[in-house]
Amino acid sequence: MRILHTSDWHVGKVLKGQSRAEEHVAVLAQVVEIARAEQPDLVIVAGDLYDTAAPSPDSTRLVTRALSALRRTGADVVAVGGNHDNGAALDALRPWADAAGITLRGSVRENPAEHVIEGTTAGGERWQLVALPFLSQRFAVRAVEMYELTAAEATQTYADHLSRLVGKLTEGFSASGVVNLVTAHVTVHGASQGGGEREAQTVMGYAVPATVFPPSAHYVALGHLHRAQAVLGPCPIRYSGSPLAIDFGEGENVPAISIVDVTASTPAKVREVPVTAAVALRTVRGTLEQLASLKTGEAWLRVYVRETPRAGLREEVQELLPRALEVRIDPDLVPSTPGPRAEERAGRSPRELFAAYLTSRGVDDEGVQELFDELYEEASA
């Protein structure tokens with residue numbers, strides 16, 4: 001069978017105030033075109049369909065149309081909720097999804113059988129897919145209790161809970177002659193972050209070992225990390241990555257989807273298909289003179305400017321580079337001198353404290369101090 005694995009669409013993303021709606025339309029149209037060309041038997045969307053738990057009507061329309069278009073290619077389509085998604089809201093779309101022939105799992109359900117999807121390809125290959133949406137630490141405990149496994153004690157870790165849930169859901173993987181698949185939205189130890197993920201839910205207690213997945217799985221399709229990559233483990237484990245760079249930290253990533261060919265008796269063969277429809281994100285550095293000579297095309301820019309901080313510098317940079325969404329002083333130029341300690345602040349006026357702050361940040365601009373003085377006078381009147 002052939003699988004198209006994608007994840008982390010983040011529809012509705014606004015980058016430094018810039019809507020990326022047109023890019024998302026183009027990106028998902030390209031994903032659909034790839035599906036038409038590759039003719040997969042199964043499309044897996046491994047979470048974070050949206051960038052926010054409260055997507056706009058336009059974002060909802062785009063996601064549902066993209067899923068419908070993928071289904072019209074003839075493939076079975078399975079999508080799970082990610083940490084950016086509202087699981088309950090995705091589950092509310094299940095009547096529409098069921099009618100459209102799309103399997104949607106926004107949150108963990110009471111009946112574990114709901115998370116095991118079965119099918120047969122046109123060529124007669126049988127497959128079963130464990131579809132596990134993102135689980136918060138709090139709900140992981142409830143899910144373990146709900147499935148009546150062992151007592152979910154507070155001392156047990158997130159990885160313990162997830163391991164037992166996956167073990168429960170993959171109990172049927174011993175069957176021969178069936179392609180065994182897992183999709184989940186989770187961070188696995190040893191994988192590299194893409195650069196734009198939500199930090200609190202990718203590190204610390206949310207990372208799990210690859211051994212939570214069984215050796216009997218033919219392929220594990222993951223979402224959550226935005227960089228396309230394989231993960232060393234007891235079975236083939238892979239992140240498809242996001243089909244577009246989500247934030248400037250991902251400017252070096254190559255957006256792609258994964259195409260997987262596998263049978264019940266042969267190992268998975270994976271290849272990446274690049275997705276090129278989005279606008280590139282670039283980080284550039286230099287003085288105003290150097291920035292003026294850059295040819296950046298249509299890329300969205302993060303600019304580290306090598307100039308002394310002063311009022312109006314951002315506007316000067318954006319006049320040179322109108323597609324600069326983020327302008328910062330180059331960190332190499334920012335002094336490491338700390339501001340005044342608490343005992344040094346005592347008895348000093350707000351004007352004096354602000355002047356000390358400017359000095360600690362390397363700002364030598366009388367206009368900034370004068371503006372502060374004016375604002376302080378107005379606020380104190």
# chains A, B, ... in the order shown; residues from 1 in each chain; ligands from 1
>>> residues_around(residues="stretch 65-68 of chain A", least_positions_apart="4", cutoff="7 Å", atoms="only C-alpha atoms", output="list in words")
Leu28, Arg61, Arg72 and Ala100 of chain A
>>> write_last_selection(atoms="C-alpha atoms", output="mmCIF file, in the first residue's frame")
data_model
loop_
_atom_site.group_PDB
_atom_site.id
_atom_site.type_symbol
_atom_site.label_atom_id
_atom_site.label_comp_id
_atom_site.auth_asym_id
_atom_site.auth_seq_id
_atom_site.Cartn_x
_atom_site.Cartn_y
_atom_site.Cartn_z
ATOM 1 C CA LEU A 28 -2.625 22.639 0.604
ATOM 2 C CA ARG A 61 -13.446 26.088 5.487
ATOM 3 C CA ARG A 72 -11.662 12.739 -3.683
ATOM 4 C CA ALA A 100 -17.534 12.578 3.581
#
>>> select_by_dssp(residues="stretch 8-71 of chain A", states="strand (DSSP E or B)", output="number ranges by chain")
A: 11, 14-15, 18-19, 42-45, 50
>>> select_by_dssp(residues="stretch 31-61 of chain A", states="helix (DSSP H, G or I)", output="list in words")
Val31, Val32, Glu33, Ile34, Ala35, Arg36, Ala37, Glu38, Pro57, Asp58, Ser59, Thr60 and Arg61 of chain A
>>> write_last_selection(atoms="C-alpha atoms", output="PDB file, in the first residue's frame")
ATOM      1  CA  VAL A  31      -0.416  18.713  -1.240  1.00  0.00           C
ATOM      2  CA  VAL A  32      -3.636  17.706  -3.020  1.00  0.00           C
ATOM      3  CA  GLU A  33      -1.845  17.788  -6.389  1.00  0.00           C
ATOM      4  CA  ILE A  34       0.886  15.536  -4.972  1.00  0.00           C
ATOM      5  CA  ALA A  35      -1.808  13.141  -3.780  1.00  0.00           C
ATOM      6  CA  ARG A  36      -3.376  13.088  -7.245  1.00  0.00           C
ATOM      7  CA  ALA A  37      -0.001  12.301  -8.790  1.00  0.00           C
ATOM      8  CA  GLU A  38       1.088   9.707  -6.200  1.00  0.00           C
ATOM      9  CA  PRO A  57     -14.568  30.276   9.697  1.00  0.00           C
ATOM     10  CA  ASP A  58     -12.173  30.789   6.770  1.00  0.00           C
ATOM     11  CA  SER A  59      -9.596  28.488   8.379  1.00  0.00           C
ATOM     12  CA  THR A  60     -12.234  25.841   9.068  1.00  0.00           C
ATOM     13  CA  ARG A  61     -13.446  26.088   5.487  1.00  0.00           C
TER      14      ARG A  61
END
>>> residues_around(residues="A:Ala207", least_positions_apart="3", cutoff="12 Å", atoms="only C-alpha atoms", output="PyMOL selection string")
chain A and resi 135-137+157-163+185-193+199-204+210-212+224-225
>>> residues_around(residues="stretch 258-269 of chain A", least_positions_apart="5", cutoff="8 Å", atoms="only C-alpha atoms", output="list in words")
Met1, Arg2, Ile3, Leu4, His5, Thr6, Glu125, Ser176, Gly177, Val178, Val179, Asn180, His218, Tyr219, Pro236 and Ser240 of chain A
>>> residues_around(residues="A:Leu181", least_positions_apart="2", cutoff="8 Å", atoms="only C-alpha atoms", output="list in words")
Trp127, Gln128, Leu129, Val130, Val179, Thr183, Ala217, His218, Tyr219, Val220 and Ala221 of chain A
>>> write_last_selection(atoms="N, CA and C atoms", output="compact mmCIF listing (two decimals), in the first residue's frame")
# COMPACT_ATOMS: atom_id res chain seq x y z
N TRP A 127 -5.02 -3.23 6.13
CA TRP A 127 -4.25 -2.38 7.04
C TRP A 127 -5.10 -2.00 8.25
N GLN A 128 -4.40 -1.70 9.34
CA GLN A 128 -5.06 -1.16 10.53
C GLN A 128 -4.19 -0.03 11.07
N LEU A 129 -4.86 1.03 11.48
CA LEU A 129 -4.16 2.24 11.92
C LEU A 129 -4.65 2.65 13.31
N VAL A 130 -3.73 2.75 14.25
CA VAL A 130 -4.03 3.31 15.57
C VAL A 130 -3.87 4.82 15.46
N VAL A 179 -0.98 -4.70 7.41
CA VAL A 179 -0.04 -3.60 7.59
C VAL A 179 -0.45 -2.85 8.86
N THR A 183 -0.45 6.50 14.12
CA THR A 183 -0.22 7.93 13.97
C THR A 183 -0.47 8.59 15.32
N ALA A 217 4.88 -2.64 14.53
CA ALA A 217 4.36 -1.57 13.67
C ALA A 217 5.19 -1.48 12.40
N HIS A 218 4.52 -1.45 11.27
CA HIS A 218 5.23 -1.30 9.99
C HIS A 218 5.67 0.14 9.74
N TYR A 219 4.90 1.11 10.30
CA TYR A 219 5.23 2.52 10.11
C TYR A 219 4.50 3.34 11.16
N VAL A 220 5.22 4.31 11.76
CA VAL A 220 4.63 5.24 12.73
C VAL A 220 4.71 6.64 12.13
N ALA A 221 3.55 7.24 11.90
CA ALA A 221 3.45 8.56 11.26
C ALA A 221 3.21 9.61 12.34
>>> atom_distance(atom1="atom CA of A:Leu70", atom2="atom CA of A:Leu281")
27.0 Å
>>> closest_residue(among="A:Val273, A:Val77, A:Ala175, A:Val108", to="A:Gln30", atoms="only C-alpha atoms")
A:Val273
